[in-house]
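What follows is the content of input09.pdb, which has PDB, C-alpha atoms:
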```pdb
ATOM      1  CA  MET N 140      20.530  75.720  -8.251
ATOM      2  CA  ALA N 141      17.225  74.784  -6.583
ATOM      3  CA  ASP N 142      15.997  76.507  -3.460
ATOM      4  CA  LYS N 143      16.282  74.056  -0.530
ATOM      5  CA  THR N 144      13.413  75.648   1.370
ATOM      6  CA  SER N 145      10.960  74.621  -1.361
ATOM      7  CA  LEU N 146      11.817  70.925  -0.899
ATOM      8  CA  PRO N 147      10.067  69.877   2.321
ATOM      9  CA  SER N 148      10.695  66.162   1.636
ATOM     10  CA  THR N 149      14.373  66.653   2.460
ATOM     11  CA  GLU N 150      13.620  67.675   6.020
ATOM     12  CA  PRO N 151      14.879  65.016   8.480
ATOM     13  CA  HIS N 152      12.158  63.028  10.252
ATOM     14  CA  HIS N 153      11.715  59.876  12.327
ATOM     15  CA  ALA N 154      11.120  56.484  10.804
ATOM     16  CA  PRO N 155       7.419  55.780  10.214
ATOM     17  CA  ILE N 156       5.359  54.154  12.939
ATOM     18  CA  PHE N 157       3.268  51.347  11.495
ATOM     19  CA  ASP N 158       1.163  50.364  14.484
ATOM     20  CA  THR N 159      -1.224  53.316  15.030
ATOM     21  CA  GLY N 160      -1.421  57.073  14.894
ATOM     22  CA  PRO N 161       0.231  59.731  12.755
ATOM     23  CA  HIS N 162       3.957  60.365  12.412
ATOM     24  CA  PRO N 163       5.663  62.225  15.250
ATOM     25  CA  ASP N 164       7.025  65.710  14.771
ATOM     26  CA  PRO N 165       9.942  66.022  12.338
ATOM     27  CA  LEU N 166      13.518  65.957  13.620
ATOM     28  CA  LYS N 167      15.270  69.245  14.190
ATOM     29  CA  ALA N 168      18.793  69.609  12.908
ATOM     30  CA  ILE N 169      20.640  70.793  16.018
ATOM     31  CA  GLY N 170      23.960  69.742  17.430
ATOM     32  CA  ASP N 171      27.661  70.043  16.964
ATOM     33  CA  GLY N 172      28.121  67.227  14.449
ATOM     34  CA  GLY N 173      25.134  68.169  12.296
ATOM     35  CA  GLU N 174      23.222  65.116  13.554
ATOM     36  CA  PRO N 175      19.450  65.467  13.552
ATOM     37  CA  GLN N 176      18.001  65.510  17.052
ATOM     38  CA  PRO N 177      14.452  64.458  17.947
ATOM     39  CA  SER N 178      11.980  67.166  18.819
ATOM     40  CA  GLU N 179      10.950  67.652  22.428
ATOM     41  CA  SER N 180       7.553  65.940  22.379
ATOM     42  CA  PHE N 181       5.899  63.195  20.388
ATOM     43  CA  ALA N 182       2.324  64.104  21.333
ATOM     44  CA  PHE N 183      -0.561  62.356  19.553
ATOM     45  CA  ASN N 184      -3.549  64.690  19.745
ATOM     46  CA  ASP N 185      -4.027  64.693  23.592
ATOM     47  CA  LEU N 186      -3.032  61.065  24.067
ATOM     48  CA  GLY N 187       0.150  61.950  25.945
ATOM     49  CA  THR N 188       3.728  61.351  24.938
ATOM     50  CA  PHE N 189       4.840  58.721  22.468
ATOM     51  CA  ASP N 190       6.341  55.621  24.077
ATOM     52  CA  THR N 191       7.662  52.798  21.902
ATOM     53  CA  ASP N 192       7.405  50.276  24.761
ATOM     54  CA  ALA N 193       3.865  51.229  25.815
ATOM     55  CA  PHE N 194       2.498  47.818  24.837
ATOM     56  CA  LEU N 195       4.713  46.140  27.466
ATOM     57  CA  HIS N 196       3.325  48.111  30.416
ATOM     58  CA  PRO N 197       0.232  46.675  32.125
ATOM     59  CA  VAL N 198      -2.974  48.627  31.770
ATOM     60  CA  ASN N 199      -5.762  47.879  34.253
ATOM     61  CA  GLY N 200      -3.811  44.875  35.510
ATOM     62  CA  ALA N 201      -3.572  43.206  32.070
ATOM     63  CA  SER N 202      -0.426  42.990  29.991
ATOM     64  CA  HIS N 203      -0.664  44.029  26.356
ATOM     65  CA  ALA N 204       2.321  41.937  25.298
ATOM     66  CA  GLU N 205      -0.004  39.117  24.181
ATOM     67  CA  PRO N 206      -2.204  39.489  21.103
ATOM     68  CA  VAL N 207      -5.866  40.187  21.595
ATOM     69  CA  VAL N 208      -8.180  37.554  20.105
ATOM     70  CA  VAL N 209     -10.755  39.127  17.845
ATOM     71  CA  PRO N 210     -13.491  36.688  16.768
ATOM     72  CA  ALA N 211     -14.294  36.530  13.080
ATOM     73  CA  ALA N 212     -17.434  38.284  11.997
ATOM     74  CA  PRO N 213     -20.190  35.969  10.772
ATOM     75  CA  THR N 214     -20.672  35.962   7.019
ATOM     76  CA  VAL N 215     -23.718  35.222   4.929
ATOM     77  CA  VAL N 216     -23.224  32.222   2.659
ATOM     78  CA  PRO N 217     -25.147  31.918  -0.613
ATOM     79  CA  ALA N 218     -28.130  29.583  -0.665
ATOM     80  CA  SER N 219     -26.225  26.787  -2.430
ATOM     81  CA  TYR N 220     -24.660  23.952  -0.472
ATOM     82  CA  GLN N 221     -20.904  23.959  -0.025
ATOM     83  CA  TYR N 222     -20.891  20.177  -0.087
ATOM     84  CA  LEU N 223     -22.655  17.377  -1.933
ATOM     85  CA  LYS N 224     -24.795  14.713  -0.334
ATOM     86  CA  ARG N 225     -23.482  11.173  -0.755
ATOM     87  CA  TRP N 226     -26.457   9.920  -2.711
ATOM     88  CA  GLN N 227     -26.130  12.833  -5.166
ATOM     89  CA  PHE N 228     -22.446  12.087  -5.661
ATOM     90  CA  VAL N 229     -23.164   8.385  -6.245
ATOM     91  CA  PHE N 230     -25.958   9.227  -8.693
ATOM     92  CA  ILE N 231     -23.775  11.588 -10.748
ATOM     93  CA  VAL N 232     -20.847   9.171 -10.856
ATOM     94  CA  ALA N 233     -23.118   6.204 -11.678
ATOM     95  CA  ALA N 234     -24.814   8.102 -14.524
ATOM     96  CA  VAL N 235     -21.476   8.956 -16.125
ATOM     97  CA  TRP N 236     -20.167   5.430 -15.562
ATOM     98  CA  VAL N 237     -23.201   3.868 -17.292
ATOM     99  CA  LEU N 238     -22.499   5.984 -20.361
ATOM    100  CA  ALA N 239     -18.777   5.212 -20.134
ATOM    101  CA  ALA N 240     -19.500   1.476 -19.812
ATOM    102  CA  ALA N 241     -21.616   1.632 -22.958
ATOM    103  CA  ALA N 242     -18.769   3.411 -24.729
ATOM    104  CA  GLY N 243     -16.316   0.767 -23.492
ATOM    105  CA  LEU N 244     -18.537  -2.053 -24.744
ATOM    106  CA  GLY N 245     -18.876  -0.347 -28.118
ATOM    107  CA  PHE N 246     -15.154   0.287 -28.463
ATOM    108  CA  TYR N 247     -14.284  -3.297 -27.493
ATOM    109  CA  PHE N 248     -16.857  -4.802 -29.860
ATOM    110  CA  TRP N 249     -15.594  -2.565 -32.670
ATOM    111  CA  TRP N 250     -11.973  -3.488 -31.951
ATOM    112  CA  TYR N 251     -12.771  -7.217 -31.595
ATOM    113  CA  THR N 252     -14.718  -7.467 -34.861
ATOM    114  CA  SER N 253     -12.602  -5.244 -37.106
ATOM    115  CA  LEU N 254      -9.799  -6.582 -39.266
ATOM    116  CA  ASP N 255      -7.893  -3.288 -39.301
ATOM    117  CA  LYS N 256      -7.782  -2.169 -35.674
ATOM    118  CA  THR N 257      -6.137   1.219 -36.319
ATOM    119  CA  ALA N 258      -9.362   3.236 -36.394
ATOM    120  CA  ALA N 259     -10.708   1.566 -33.254
ATOM    121  CA  VAL N 260      -7.483   2.131 -31.298
ATOM    122  CA  PHE N 261      -7.274   5.751 -32.509
ATOM    123  CA  SER N 262     -10.873   6.322 -31.393
ATOM    124  CA  VAL N 263     -10.066   4.939 -27.941
ATOM    125  CA  LEU N 264      -7.113   7.348 -27.743
ATOM    126  CA  ILE N 265      -9.346  10.289 -28.664
ATOM    127  CA  TYR N 266     -11.909   9.102 -26.085
ATOM    128  CA  LEU N 267      -9.226   9.064 -23.359
ATOM    129  CA  ILE N 268      -8.016  12.547 -24.310
ATOM    130  CA  VAL N 269     -11.561  13.925 -24.341
ATOM    131  CA  CYS N 270     -12.303  12.416 -20.909
ATOM    132  CA  SER N 271      -9.099  13.837 -19.415
ATOM    133  CA  VAL N 272      -9.401  17.323 -20.881
ATOM    134  CA  ALA N 273     -13.127  17.561 -20.133
ATOM    135  CA  SER N 274     -12.594  16.537 -16.513
ATOM    136  CA  MET N 275      -9.846  19.139 -16.058
ATOM    137  CA  LEU N 276     -11.934  21.888 -17.625
ATOM    138  CA  VAL N 277     -15.011  20.991 -15.615
ATOM    139  CA  SER N 278     -12.990  20.843 -12.396
ATOM    140  CA  MET N 279     -12.086  24.541 -12.766
ATOM    141  CA  VAL N 280     -15.656  25.596 -11.966
ATOM    142  CA  GLN N 281     -15.720  26.972  -8.422
ATOM    143  CA  ASN N 282     -18.384  26.698  -5.724
ATOM    144  CA  ARG N 283     -20.476  24.105  -7.583
ATOM    145  CA  PRO N 284     -20.270  20.714  -5.843
ATOM    146  CA  PRO N 285     -22.312  18.820  -8.490
ATOM    147  CA  VAL N 286     -19.949  20.036 -11.202
ATOM    148  CA  THR N 287     -16.985  18.874  -9.123
ATOM    149  CA  ALA N 288     -18.616  15.452  -8.835
ATOM    150  CA  LEU N 289     -19.041  15.456 -12.613
ATOM    151  CA  ALA N 290     -15.322  16.205 -12.997
ATOM    152  CA  ILE N 291     -14.457  13.237 -10.759
ATOM    153  CA  ALA N 292     -16.826  11.024 -12.745
ATOM    154  CA  LEU N 293     -15.338  12.139 -16.075
ATOM    155  CA  MET N 294     -11.813  11.461 -14.844
ATOM    156  CA  SER N 295     -12.773   7.955 -13.777
ATOM    157  CA  ALA N 296     -14.932   7.215 -16.857
ATOM    158  CA  PRO N 297     -12.158   5.274 -18.634
ATOM    159  CA  LEU N 298     -12.076   2.939 -15.614
ATOM    160  CA  ALA N 299     -15.752   2.119 -16.151
ATOM    161  CA  SER N 300     -15.119   1.658 -19.881
ATOM    162  CA  VAL N 301     -12.273  -0.773 -19.243
ATOM    163  CA  ALA N 302     -14.323  -2.669 -16.659
ATOM    164  CA  ALA N 303     -17.207  -3.127 -19.122
ATOM    165  CA  ALA N 304     -14.807  -4.168 -21.895
ATOM    166  CA  ALA N 305     -13.173  -6.656 -19.509
ATOM    167  CA  VAL N 306     -16.562  -8.186 -18.698
ATOM    168  CA  LEU N 307     -17.326  -8.529 -22.426
ATOM    169  CA  HIS N 308     -13.898 -10.046 -23.057
ATOM    170  CA  GLY N 309     -14.461 -12.535 -20.217
ATOM    171  CA  ALA N 310     -17.858 -13.438 -21.636
ATOM    172  CA  TYR N 311     -16.240 -14.140 -25.008
ATOM    173  CA  TYR N 312     -13.374 -16.081 -23.430
ATOM    174  CA  PHE N 313     -15.549 -18.296 -21.224
ATOM    175  CA  GLU N 314     -18.045 -18.653 -24.088
ATOM    176  CA  TRP N 315     -20.945 -17.341 -22.082
ATOM    177  CA  ILE N 316     -21.974 -15.512 -25.230
ATOM    178  CA  ALA N 317     -21.218 -16.520 -28.801
ATOM    179  CA  ARG N 318     -18.298 -14.774 -30.433
ATOM    180  CA  PRO N 319     -19.244 -12.545 -33.327
ATOM    181  CA  THR N 320     -18.073 -13.621 -36.755
ATOM    182  CA  ILE N 321     -15.160 -11.599 -38.001
ATOM    183  CA  GLY N 322     -15.268 -10.337 -41.541
TER
END
```
For the file at hand, write its structure as structure tokens.
Amino acid sequence: MADKTSLPSTEPHHAPIFDTGPHPDPLKAIGDGGEPQPSESFAFNDLGTFDTDAFLHPVNGASHAEPVVVPAAPTVVPASYQYLKRWQFVFIVAAVWVLAAAAGLGFYFWWYTSLDKTAAVFSVLIYLIVCSVASMLVSMVQNRPPVTALAIALMSAPLASVAAAAVLHGAYYFEWIARPTIG
């Protein structure tokens, strides 16, 4: 059988105090029913006796029941902007949309002139998947506003492609430009 005096963790003690200061003195097992009784003093280094309701008593005329506002410390931000200027955003989106419009015109012309449209439709599907996946991957970059603008532009690139293809379709329909010969 183990010696109980070598196991100091079994000694009764008060519940921990999580606000400030060390634990009070351990409980002493005294009494008729074997109940642990608190020790006589709960002194914290020369701070006086321990009082669980000390925060409710006014000190210097002020009540400590309300939280004290501590202002946040200023932090140094890296030299990069945390936002993007409007003209930069418009330039990035417009550059991607010009390329997407060219792709839309090419896909529509290929689809319109081909007899077997399977390859053209499959290529459009791959284009949509690439735009979606690329925009999601690019959007995971943190703290780079131009890259975030690029992600928005990539996600909306199919819109620009469809708009350009719709303009070309309208030009064919209203015979503003001659229809290409098929075959």
Legend entry - Near-Ser271 (chain N) list (12 Å; only C-alpha atoms; drop same-chain fewer than 6 positions) as a PyMOL selection string: chain N and resi 264-265+277-278+290-298
Inset, instruction - Find the distance between CA of Pro285 (chain N) and CA of Val301 (chain N) and write it in Å to one decimal. - result: 24.5 Å
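Once the PyMOL selection byres ((chain N and resi 222) around 12) is applied to the depicted file, the selected set reads Ala218, Ser219, Tyr220, Gln221, Leu223, Lys224, Arg225, Trp226, Gln227, Phe228, Gln281, Asn282, Arg283, Pro284, Pro285, Val286, Thr287 and Ala288 of chain N.
Residues in contact with Ala242 (chain N) at 10 Å, where all atoms listed in the file are counted and same-chain residues fewer than 4 positions away are skipped, are listed as N:Trp236, N:Val237, N:Leu238, N:Phe246, N:Tyr247, N:Phe248, N:Val263, N:Tyr266, N:Ala296, N:Pro297, N:Ala299, N:Ser300, N:Val301, N:Ala303, N:Ala304.
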